[in-house]
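Engineer: my_file24.txt is reproduced below (compact mmCIF, C-alpha atoms).
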# COMPACT_ATOMS: atom_id res chain seq x y z
CA MET A 1 0.00 0.00 0.00
CA MET A 2 1.31 3.45 -0.86
CA ASN A 3 0.06 6.96 -0.25
CA PHE A 4 1.54 9.75 -2.37
CA GLN A 5 -1.19 12.31 -1.77
CA SER A 6 1.37 14.96 -0.88
CA ASP A 7 3.11 14.50 -4.25
CA THR A 8 -0.01 15.41 -6.24
CA PRO A 9 0.58 18.60 -8.27
CA ALA A 10 -1.20 21.74 -7.08
CA ALA A 11 -4.58 22.47 -8.63
CA GLU A 12 -3.33 25.86 -9.91
CA SER A 13 -1.18 24.11 -12.46
CA GLU A 14 -4.20 22.39 -14.03
CA PRO A 15 -5.80 23.86 -17.15
CA ALA A 16 -9.01 25.81 -16.52
CA GLY A 17 -12.39 24.61 -17.80
CA ALA A 18 -13.78 21.22 -18.74
CA ILE A 19 -11.44 18.87 -20.59
CA ALA A 20 -13.06 17.23 -23.58
CA SER A 21 -13.20 13.45 -23.68
CA GLN A 22 -11.36 11.85 -26.57
CA LEU A 23 -13.36 8.63 -26.32
CA ARG A 24 -15.14 7.98 -29.61
CA GLN A 25 -16.79 4.60 -29.07
CA TRP A 26 -18.76 2.41 -26.69
CA PRO A 27 -18.35 -0.22 -25.27
CA ILE A 28 -14.70 -0.38 -24.28
CA GLN A 29 -14.31 -3.45 -22.06
CA LEU A 30 -12.57 -6.19 -24.02
CA HIS A 31 -15.23 -8.82 -23.23
CA LEU A 32 -17.95 -6.46 -24.45
CA ILE A 33 -16.44 -5.10 -27.64
CA SER A 34 -16.72 -6.63 -31.08
CA SER A 35 -13.31 -6.76 -32.75
CA GLU A 36 -14.94 -6.05 -36.08
CA ALA A 37 -16.80 -2.91 -34.98
CA PRO A 38 -16.40 -0.06 -37.48
CA TYR A 39 -14.27 2.00 -35.12
CA TYR A 40 -11.59 -0.70 -35.09
CA GLN A 41 -11.32 -0.99 -38.88
CA GLY A 42 -7.84 0.17 -39.89
CA ALA A 43 -7.52 1.97 -36.54
CA ASP A 44 -4.68 2.69 -34.19
CA VAL A 45 -5.88 0.72 -31.19
CA VAL A 46 -4.96 1.25 -27.54
CA LEU A 47 -5.38 -1.78 -25.30
CA ALA A 48 -5.05 -0.39 -21.78
CA ALA A 49 -4.96 -2.16 -18.47
CA ASP A 50 -7.91 -0.99 -16.35
CA CYS A 51 -5.79 1.09 -13.97
CA VAL A 52 -3.88 3.01 -16.63
CA ALA A 53 -6.42 5.74 -17.32
CA TYR A 54 -6.61 6.53 -13.59
CA ALA A 55 -2.86 6.80 -13.26
CA VAL A 56 -2.04 8.85 -16.37
CA GLY A 57 -3.29 12.39 -15.86
CA ASP A 58 -3.35 13.24 -19.56
CA PHE A 59 -4.55 9.86 -20.80
CA HIS A 60 -7.22 11.33 -23.09
CA ARG A 61 -5.01 13.98 -24.67
CA ASP A 62 -1.75 12.05 -24.90
CA HIS A 63 -2.87 8.48 -25.54
CA LEU A 64 -6.55 8.25 -26.52
CA LYS A 65 -6.88 11.05 -29.07
CA ASP A 66 -7.56 9.65 -32.57
CA LYS A 67 -7.32 6.08 -31.25
CA SER A 68 -9.80 3.28 -30.64
CA LEU A 69 -9.79 1.68 -27.22
CA ALA A 70 -10.30 -1.50 -25.26
CA ILE A 71 -9.58 -2.08 -21.59
CA ALA A 72 -8.93 -5.23 -19.62
CA CYS A 73 -7.36 -6.47 -16.40
CA PRO A 74 -4.95 -9.36 -16.91
CA LYS A 75 -4.94 -10.10 -13.18
CA LEU A 76 -8.66 -10.26 -12.38
CA ASP A 77 -10.55 -10.87 -15.63
CA SER A 78 -11.71 -14.40 -16.47
CA GLN A 79 -11.76 -16.26 -19.80
CA GLN A 80 -8.70 -14.50 -21.16
CA GLN A 81 -8.45 -16.93 -24.07
CA VAL A 82 -11.36 -14.91 -25.48
CA TYR A 83 -9.19 -11.80 -25.22
CA GLN A 84 -6.49 -13.46 -27.27
CA GLN A 85 -8.97 -14.34 -30.01
CA LYS A 86 -10.32 -10.80 -30.04
CA ILE A 87 -6.85 -9.30 -30.39
CA LYS A 88 -6.10 -11.74 -33.21
CA ALA A 89 -9.35 -10.67 -34.91
CA TRP A 90 -8.23 -7.03 -34.67
CA LEU A 91 -5.11 -7.93 -36.61
CA GLU A 92 -6.65 -10.23 -39.19
CA ASP A 93 -10.23 -9.04 -39.66
CA ALA A 94 -10.34 -5.41 -38.59
CA LYS A 95 -6.90 -4.92 -40.16
CA ILE A 96 -5.90 -2.43 -37.48
CA ASN A 97 -2.97 -0.12 -38.25
CA THR A 98 -1.14 -0.40 -34.91
CA LEU A 99 -1.69 -1.79 -31.43
CA THR A 100 -0.44 0.06 -28.36
CA VAL A 101 -0.59 -1.93 -25.13
CA MET A 102 -0.50 0.22 -22.02
CA ILE A 103 0.13 -1.49 -18.70
CA MET A 104 1.01 -0.53 -15.15
CA GLN A 105 4.47 -1.24 -13.79
CA VAL A 106 3.18 -3.99 -11.49
CA PRO A 107 4.32 -7.48 -12.57
CA CYS A 108 0.82 -8.93 -13.02
CA CYS A 109 0.13 -6.38 -15.75
CA MET A 110 2.72 -8.04 -18.03
CA GLY A 111 0.01 -10.60 -18.77
CA LEU A 112 -1.65 -8.11 -21.13
CA ILE A 113 1.56 -7.74 -23.16
CA ASN A 114 1.89 -11.52 -23.28
CA LEU A 115 -1.69 -11.87 -24.53
CA ALA A 116 -1.03 -9.38 -27.32
CA GLN A 117 2.22 -11.09 -28.30
CA GLN A 118 0.61 -14.53 -28.35
CA ALA A 119 -2.24 -13.22 -30.50
CA ALA A 120 0.27 -11.59 -32.87
CA ALA A 121 2.30 -14.80 -33.08
CA GLU A 122 -0.84 -16.71 -34.10
CA SER A 123 -1.99 -14.07 -36.54
CA SER A 124 -1.34 -14.35 -40.26
CA ARG A 125 -1.16 -10.55 -40.46
CA LYS A 126 1.45 -8.55 -38.54
CA VAL A 127 1.16 -4.97 -37.33
CA PRO A 128 3.48 -2.81 -35.26
CA ILE A 129 2.87 -3.36 -31.53
CA LYS A 130 4.12 -0.92 -28.94
CA SER A 131 4.21 -1.35 -25.19
CA LEU A 132 4.01 1.50 -22.70
CA VAL A 133 4.67 0.85 -19.03
CA VAL A 134 3.10 3.37 -16.67
CA GLY A 135 4.34 4.11 -13.16
CA ILE A 136 1.90 4.34 -10.28
CA LYS A 137 2.25 8.13 -10.33
CA GLY A 138 1.29 8.22 -13.99
CA GLU A 139 4.72 8.66 -15.53
CA ILE A 140 5.70 6.72 -18.66
CA LEU A 141 8.51 4.46 -17.46
CA GLN A 142 9.17 2.58 -20.66
CA GLU A 143 8.09 2.87 -24.28
CA GLU A 144 9.17 0.18 -26.68
CA TRP A 145 8.23 -1.36 -30.04
CA LEU A 146 7.86 -5.10 -29.57
CA MET B 1 30.25 31.26 -33.80
CA ASP B 2 26.77 31.50 -35.42
CA LYS B 3 28.46 31.68 -38.80
CA TYR B 4 30.09 28.28 -38.24
CA LEU B 5 26.97 26.70 -36.71
CA ASN B 6 25.26 27.40 -40.03
CA GLN B 7 28.10 26.05 -42.18
CA GLY B 8 28.57 22.59 -43.69
CA ILE B 9 30.57 20.31 -41.39
CA LYS B 10 33.22 19.51 -44.00
CA ASP B 11 34.05 23.21 -44.40
CA VAL B 12 34.11 23.72 -40.64
CA ILE B 13 36.44 20.74 -40.12
CA GLN B 14 38.65 21.99 -42.93
CA ALA B 15 38.96 25.34 -41.16
CA PHE B 16 39.35 23.75 -37.70
CA PRO B 17 40.77 20.20 -38.12
CA ALA B 18 40.78 19.57 -34.34
CA LEU B 19 36.97 19.42 -34.46
CA GLU B 20 37.03 16.04 -36.21
CA SER B 21 38.53 14.26 -33.20
CA ILE B 22 36.40 16.25 -30.73
CA LEU B 23 33.23 15.17 -32.56
CA ALA B 24 34.53 11.59 -32.73
CA GLU B 25 34.86 11.56 -28.93
CA TYR B 26 31.07 12.03 -28.82
CA ASP B 27 30.54 9.27 -31.43
CA ILE B 28 29.84 11.85 -34.13
CA GLY B 29 31.78 10.47 -37.06
CA CYS B 30 31.54 13.29 -39.59
CA GLY B 31 35.21 13.16 -40.56
CA PRO B 32 34.97 10.32 -43.10
CA CYS B 33 31.64 11.49 -44.56
CA ASN B 34 31.82 11.80 -48.33
CA VAL B 35 29.44 14.72 -48.56
CA GLY B 36 29.80 16.77 -45.38
CA THR B 37 27.15 19.36 -46.14
CA CYS B 38 25.20 18.84 -42.88
CA LEU B 39 25.21 22.05 -40.87
CA LEU B 40 27.21 22.00 -37.63
CA LYS B 41 24.12 23.01 -35.60
CA ASP B 42 22.02 20.20 -37.15
CA ILE B 43 24.72 17.64 -36.42
CA VAL B 44 24.70 18.53 -32.74
CA GLU B 45 20.90 18.38 -32.64
CA ILE B 46 20.44 15.18 -34.64
CA HIS B 47 22.72 13.18 -32.35
CA ARG B 48 20.42 13.96 -29.41
CA LEU B 49 23.14 13.91 -26.79
CA PRO B 50 22.10 14.23 -23.13
CA PRO B 51 21.92 17.96 -22.26
CA GLU B 52 25.08 17.97 -20.14
CA LYS B 53 27.07 16.20 -22.88
CA GLU B 54 25.72 18.56 -25.53
CA GLN B 55 26.70 21.53 -23.38
CA ALA B 56 30.21 20.11 -22.92
CA LEU B 57 30.56 19.41 -26.64
CA MET B 58 29.39 22.91 -27.56
CA ALA B 59 31.89 24.37 -25.09
CA ARG B 60 34.72 22.47 -26.75
CA ILE B 61 33.56 23.46 -30.22
CA GLU B 62 33.36 27.06 -29.08
CA SER B 63 36.82 26.98 -27.53
CA THR B 64 38.24 25.54 -30.77
CA ILE B 65 36.54 28.01 -33.08
CA CYS B 66 36.55 31.09 -30.85
CA PRO B 67 39.23 30.65 -28.15
CA GLY B 68 38.45 32.57 -24.98
CA ARG B 69 34.66 32.49 -25.43
CA GLU B 70 34.06 29.14 -23.72
CA ASN B 71 31.68 30.55 -21.12
CA GLN B 72 29.35 32.18 -23.60
CA VAL B 73 28.31 28.93 -25.19
CA GLN B 74 24.66 28.23 -25.87
CA SER B 75 23.47 25.00 -27.43
CA PRO B 76 21.62 25.59 -30.69
CA ALA B 77 17.87 25.79 -30.24
CA PRO B 78 16.13 22.64 -31.46
CA THR B 79 14.81 23.16 -34.98
CA THR B 80 12.28 20.34 -34.93
CA ALA B 81 9.27 19.63 -32.77
CA ALA B 82 10.52 16.20 -31.77
CA PRO B 83 9.60 15.52 -28.15
CA ALA B 84 12.27 14.87 -25.55
CA ALA B 85 12.88 11.19 -24.99
CA PRO B 86 11.05 9.86 -21.95
CA LYS B 87 13.04 8.75 -18.94
CA GLU B 88 14.73 5.38 -19.29
CA ARG B 89 13.24 4.94 -22.73
CA ILE B 90 14.51 1.79 -24.35
CA ARG B 91 15.95 2.51 -27.77
CA THR B 92 14.32 0.13 -30.17
CA TYR B 93 13.67 0.68 -33.84
CA SER B 94 10.04 0.84 -34.91
CA PRO B 95 9.04 -2.21 -37.00
CA PRO B 96 9.39 -0.47 -40.42
CA MET B 97 12.75 0.98 -39.43
CA LYS B 98 13.80 -2.45 -38.17
CA MET B 99 12.98 -3.90 -41.60
CA LEU B 100 15.52 -1.50 -43.12
CA VAL B 101 18.11 -2.18 -40.41
CA ASP B 102 17.70 -5.95 -40.90
CA GLU B 103 18.23 -5.50 -44.65
CA HIS B 104 21.42 -3.61 -43.82
CA LEU B 105 22.67 -6.72 -42.02
CA LEU B 106 22.62 -8.76 -45.24
CA ILE B 107 24.13 -5.90 -47.24
CA LYS B 108 26.94 -5.54 -44.67
CA ARG B 109 27.70 -9.26 -44.93
CA TRP B 110 28.12 -8.77 -48.69
CA LEU B 111 30.27 -5.67 -48.20
CA ALA B 112 32.52 -7.64 -45.84
CA ARG B 113 33.25 -10.12 -48.64
CA ILE B 114 34.13 -7.50 -51.27
CA PRO B 115 37.90 -7.71 -50.58
CA ASP B 116 37.70 -11.49 -51.18
CA VAL B 117 35.83 -10.95 -54.45
CA VAL B 118 38.41 -8.38 -55.56
CA ASN B 119 41.19 -10.85 -54.73
CA ALA B 120 39.35 -13.59 -56.62
CA LEU B 121 39.18 -11.30 -59.64
CA SER B 122 42.96 -10.92 -59.57
CA ALA B 123 43.56 -14.64 -59.03
CA GLY B 124 41.18 -15.99 -61.67
CA PRO B 125 39.42 -13.48 -63.87
CA GLU B 126 36.66 -15.78 -65.12
CA LYS B 127 35.48 -16.88 -61.69
CA GLY B 128 36.06 -13.40 -60.32
CA ARG B 129 33.91 -11.85 -63.05
CA GLN B 130 31.06 -14.24 -62.19
CA LEU B 131 31.23 -13.23 -58.55
CA VAL B 132 31.36 -9.54 -59.42
CA GLY B 133 28.37 -9.98 -61.74
CA ALA B 134 26.37 -11.71 -59.02
CA GLY B 135 27.43 -9.05 -56.52
CA VAL B 136 26.34 -6.25 -58.85
CA ASP B 137 23.00 -8.01 -59.27
CA MET B 138 22.61 -8.00 -55.47
CA ILE B 139 23.55 -4.31 -55.30
CA ARG B 140 21.10 -3.28 -58.01
CA SER B 141 18.19 -5.53 -57.07
CA TYR B 142 18.43 -5.93 -53.31
CA ALA B 143 20.43 -2.96 -52.01
CA ASP B 144 19.09 -0.40 -54.46
CA LYS B 145 15.67 -1.39 -55.81
CA PHE B 146 14.40 -3.38 -52.82
CA HIS B 147 16.04 -1.41 -49.99
CA HIS B 148 16.88 2.13 -51.15
CA GLY B 149 13.56 2.14 -53.02
CA LYS B 150 11.65 1.91 -49.74
CA GLU B 151 13.78 4.68 -48.26
CA GLU B 152 13.54 7.12 -51.15
CA ASP B 153 10.00 6.44 -52.39
CA ILE B 154 8.26 5.93 -49.05
CA LEU B 155 10.13 6.73 -45.83
CA PHE B 156 11.84 9.98 -46.78
CA LYS B 157 8.57 11.37 -48.18
CA TYR B 158 7.27 11.60 -44.62
CA PHE B 159 9.85 14.31 -43.95
CA ASP B 160 11.26 17.43 -45.57
CA ASP B 161 13.65 15.46 -47.74
CA THR B 162 15.28 18.61 -49.07
CA SER B 163 17.01 19.19 -45.71
CA GLU B 164 20.77 18.69 -45.47
CA ILE B 165 20.73 15.27 -43.80
CA PHE B 166 18.65 13.86 -46.65
CA THR B 167 20.87 15.59 -49.20
CA VAL B 168 23.76 13.61 -47.74
CA ILE B 169 21.83 10.33 -47.91
CA TYR B 170 20.64 10.95 -51.49
CA GLU B 171 24.18 11.87 -52.50
CA ASP B 172 25.49 8.58 -51.03
CA HIS B 173 22.86 6.69 -53.07
CA ARG B 174 23.83 8.65 -56.20
CA GLN B 175 27.54 7.97 -55.73
CA ALA B 176 26.81 4.28 -55.09
CA ARG B 177 24.93 4.09 -58.40
CA GLN B 178 27.84 5.82 -60.14
CA HIS B 179 30.26 3.24 -58.73
CA VAL B 180 28.00 0.42 -59.94
CA GLN B 181 27.88 1.95 -63.41
CA ALA B 182 31.69 2.10 -63.42
CA ILE B 183 31.88 -1.57 -62.33
CA LEU B 184 29.55 -2.56 -65.18
CA THR B 185 31.69 -0.61 -67.63
CA GLY B 186 34.73 -2.41 -66.23
CA LEU B 187 33.03 -5.76 -66.79
CA GLU B 188 32.21 -4.82 -70.40
CA THR B 189 35.75 -3.69 -71.16
CA SER B 190 37.45 -6.35 -68.99
CA ASP B 191 39.17 -3.58 -67.05
CA HIS B 192 39.75 -5.64 -63.91
CA PRO B 193 41.78 -3.04 -61.97
CA ALA B 194 38.92 -0.56 -62.44
CA ILE B 195 36.38 -3.14 -61.28
CA GLY B 196 38.42 -3.74 -58.14
CA GLU B 197 38.83 -0.03 -57.54
CA TYR B 198 35.14 0.84 -57.88
CA LEU B 199 33.93 -2.23 -56.00
CA THR B 200 36.22 -1.33 -53.11
CA ALA B 201 35.03 2.29 -53.23
CA TYR B 202 31.43 1.05 -53.21
CA GLY B 203 32.14 -1.09 -50.14
CA ALA B 204 33.70 1.83 -48.25
CA LEU B 205 30.88 4.20 -49.22
CA LEU B 206 28.07 1.81 -48.25
CA THR B 207 29.73 0.82 -44.97
CA GLU B 208 29.85 4.44 -43.86
CA HIS B 209 26.37 5.11 -45.28
CA ILE B 210 24.78 2.24 -43.34
CA LYS B 211 26.46 3.39 -40.14
CA LYS B 212 24.99 6.87 -40.65
CA GLU B 213 21.51 5.47 -41.17
CA ASP B 214 21.54 2.87 -38.38
CA GLU B 215 23.08 5.05 -35.72
CA ILE B 216 21.91 8.54 -36.57
CA LEU B 217 19.24 8.93 -39.22
CA PHE B 218 16.83 6.11 -38.39
CA PRO B 219 16.68 6.73 -34.60
CA TRP B 220 16.16 10.43 -35.33
CA LEU B 221 13.38 9.74 -37.85
CA ASP B 222 11.78 7.25 -35.46
CA GLU B 223 11.56 9.97 -32.80
CA GLN B 224 9.53 12.12 -35.18
CA LEU B 225 7.09 9.52 -36.51
CA THR B 226 3.69 9.21 -34.88
CA THR B 227 2.39 5.76 -33.94
CA SER B 228 -0.09 5.99 -36.78
CA GLN B 229 2.65 6.85 -39.30
CA VAL B 230 4.67 3.84 -38.11
CA GLY B 231 1.68 1.60 -38.90
CA GLU B 232 1.25 3.20 -42.34
CA LEU B 233 4.95 2.83 -43.14
CA TYR B 234 4.94 -0.81 -42.12
CA THR B 235 1.98 -1.55 -44.42
CA LYS B 236 3.56 0.39 -47.29
CA PHE B 237 6.93 -1.36 -46.85
CA LYS B 238 5.26 -4.79 -46.89
CA ALA B 239 3.34 -3.86 -50.04
CA ALA B 240 6.50 -2.48 -51.69
CA ASP B 241 8.38 -5.70 -50.89
CA SER B 242 5.71 -7.91 -52.39
CA GLN B 243 5.43 -5.72 -55.51
CA SER B 244 9.19 -5.37 -56.01
CA GLY B 245 9.68 -8.67 -57.80
CA VAL B 246 12.87 -9.11 -55.75
CA ASP B 247 13.39 -12.39 -53.92
CA PRO B 248 15.43 -11.65 -50.76
CA GLU B 249 16.13 -15.36 -50.29
CA LYS B 250 18.13 -15.39 -53.52
CA TYR B 251 20.51 -12.80 -52.09
CA GLN B 252 20.59 -14.48 -48.70
CA ALA B 253 21.77 -17.60 -50.54
CA PHE B 254 24.34 -15.58 -52.51
CA VAL B 255 25.87 -14.14 -49.32
CA ASP B 256 25.72 -17.52 -47.56
CA GLY B 257 27.58 -18.98 -50.54
CA LEU B 258 30.25 -16.27 -50.47
CA GLU B 259 30.81 -16.79 -46.77
CA SER B 260 31.04 -20.55 -47.02
CA GLN B 261 33.42 -20.18 -49.96
CA PHE B 262 35.76 -17.60 -48.50
CA ILE B 263 35.46 -18.00 -44.75
CA ASP B 264 35.50 -21.80 -44.85
CA MET B 265 38.54 -21.67 -47.13
CA GLY B 266 40.26 -19.57 -44.48
CA VAL B 267 40.65 -16.69 -46.90
CA ALA B 268 38.84 -14.39 -44.52
CA LYS B 269 38.81 -14.23 -40.76
Output the file's structure in the form of structure tokens.
Structural biologist:
Amino acid sequence: MMNFQSDTPAAESEPAGAIASQLRQWPIQLHLISSEAPYYQGADVVLAADCVAYAVGDFHRDHLKDKSLAIACPKLDSQQQVYQQKIKAWLEDAKINTLTVMIMQVPCCMGLINLAQQAAAESSRKVPIKSLVVGIKGEILQEEWL
Amino acid sequence: MDKYLNQGIKDVIQAFPALESILAEYDIGCGPCNVGTCLLKDIVEIHRLPPEKEQALMARIESTICPGRENQVQSPAPTTAAPAAPKERIRTYSPPMKMLVDEHLLIKRWLARIPDVVNALSAGPEKGRQLVGAGVDMIRSYADKFHHGKEEDILFKYFDDTSEIFTVIYEDHRQARQHVQAILTGLETSDHPAIGEYLTAYGALLTEHIKKEDEILFPWLDEQLTTSQVGELYTKFKAADSQSGVDPEKYQAFVDGLESQFIDMGVAK
């Protein structure tokens, strides 16, 4: 357990006014989405671990803008073989342009990267896959093309 | 100082020869460059040194060019909008850039065998001519059409390819094609010394050229590409490969054959 309340930046440094959402689809949970939905066709897809959007302060602006999204938790979600098939369908059927997998720095989150890599290995079509590892204070710790 | 920051590196090194070794200390190998028209300020920027190293380098450049002004040094302002690298970012090529770097590996294996092919030409002209012919086929089909084609027709079009760094790369490609033309002329006229001379020059040129691309140009371009552009490039590269009519396995086999012939014979180490 960690408490870094005192490290939170002062409110004065935040931009004034409402911040527009960059989300352009619904649903977003990986069990609920259809891989062949129109918003995945040829898209740059972000597959984010559930906690990521809470940790990264500028998630919408820096990572979601102009992207399509799905979220999942590799630690708690069940039936993850379905996830693997859905990711494979993104590559083969929706012919996505890129896949960016965003995970937290905690070890259990690596499962989401593994799922994406296994799906890519099984897929007949390859696309660039990038991994971003997020620290618990929202910083990008690692960014790497897989 | 500003005057020199905006001058081609070859001219600056000619005026201040000590700069060549200073730049080399920071892994900036401009000395052997055939073209040398990159501006000094762009060279410092494109190498993306850590701020403290860049400051130290600029101080040494300043003290060489304008002795006594070491403390007035300012690093050149960045001229591109490339974002600063995140902390502890792992340097990996994007998949399309990795395709080009992987192709370089095969080309470098061929370049490493050029001295053996030149020796073979001296020892037995008929066999040597066959090897040179096959090597020229690899240069024209694989290195130029298959590989440089993707760079010139696709990748470089994502950038302002009239800037100095691209001028240098295009000039390397042009000189390489000139060398190949001279080798073909040598084959037609049976001028074996000329073949050896131009093949050796080609090897030296391409070795330096690949180093520039792998270590400097491609990482710099990767920093500027968006994720979406990386995906586009990858798709375009795959399409270009399948439409090229070039079979990479043929050239893999050619290089494998050269290596088994010369390395296994103990000609090369």
Engineer: Return the single residue from B:Ile65, B:Leu100, B:Leu225, B:Leu49 that is closest to Asp144 (chain B), with distances computed using all atoms listed in the file.
Structural biologist: B:Leu100
Engineer: Interatomic distance between CA of Leu57 (chain B) and CA of Ile165 (chain B)?
Structural biologist: 20.2 Å
Engineer: Can you measure CA of Arg129 (chain B) to CA of Tyr198 (chain B) for me? One decimal in Å is fine.
Structural biologist: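 Going from CA of Arg129 (chain B) over to CA of Tyr198 (chain B) covers 13.8 Å.
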Engineer: Contacts from chain A to chain B, 7 Å maximum, all atoms listed in the file: show me the residue list as a ChimeraX atom specification.
Structural biologist: /A:44,97-98,127-128,141-145
Engineer: If we count only C-alpha atoms, what is near region 205-220 of chain B at a cut-off of 10 Å, once residues fewer than 6 positions away on the same chain are taken out, given as a ChimeraX atom specification?
Structural biologist: /B:27-30,32-34,43,45-48,82,91-94,97-98,100-102,104-105,107-108,111-112,143,165-166,168-169,172-173,175-176,179,199
Engineer: Would you mind telling me which residue in A:Ser35, A:Gln105, A:Gln29, A:Gln41 lies nearest to Ala70 (chain A) when using all atoms listed in the file?
Structural biologist: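 Checking each of A:Ser35, A:Gln105, A:Gln29, A:Gln41 against Ala70 (chain A), counting all atoms listed in the file, the winner is A:Gln29.
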Engineer: Could you state the separation of CA of Pro67 (chain B) and CA of Gln14 (chain B) in Å, given to one decimal place?
Structural biologist: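 Value for the CA of Pro67 (chain B)-CA of Gln14 (chain B) distance: 17.1 Å.
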Engineer: Residues near Met1 (chain A), anyone? I mean within 12 Å using only C-alpha atoms, not counting same-chain ones fewer than 2 positions away, as a PyMOL selection string.
Structural biologist: chain A and resi 3-4+136
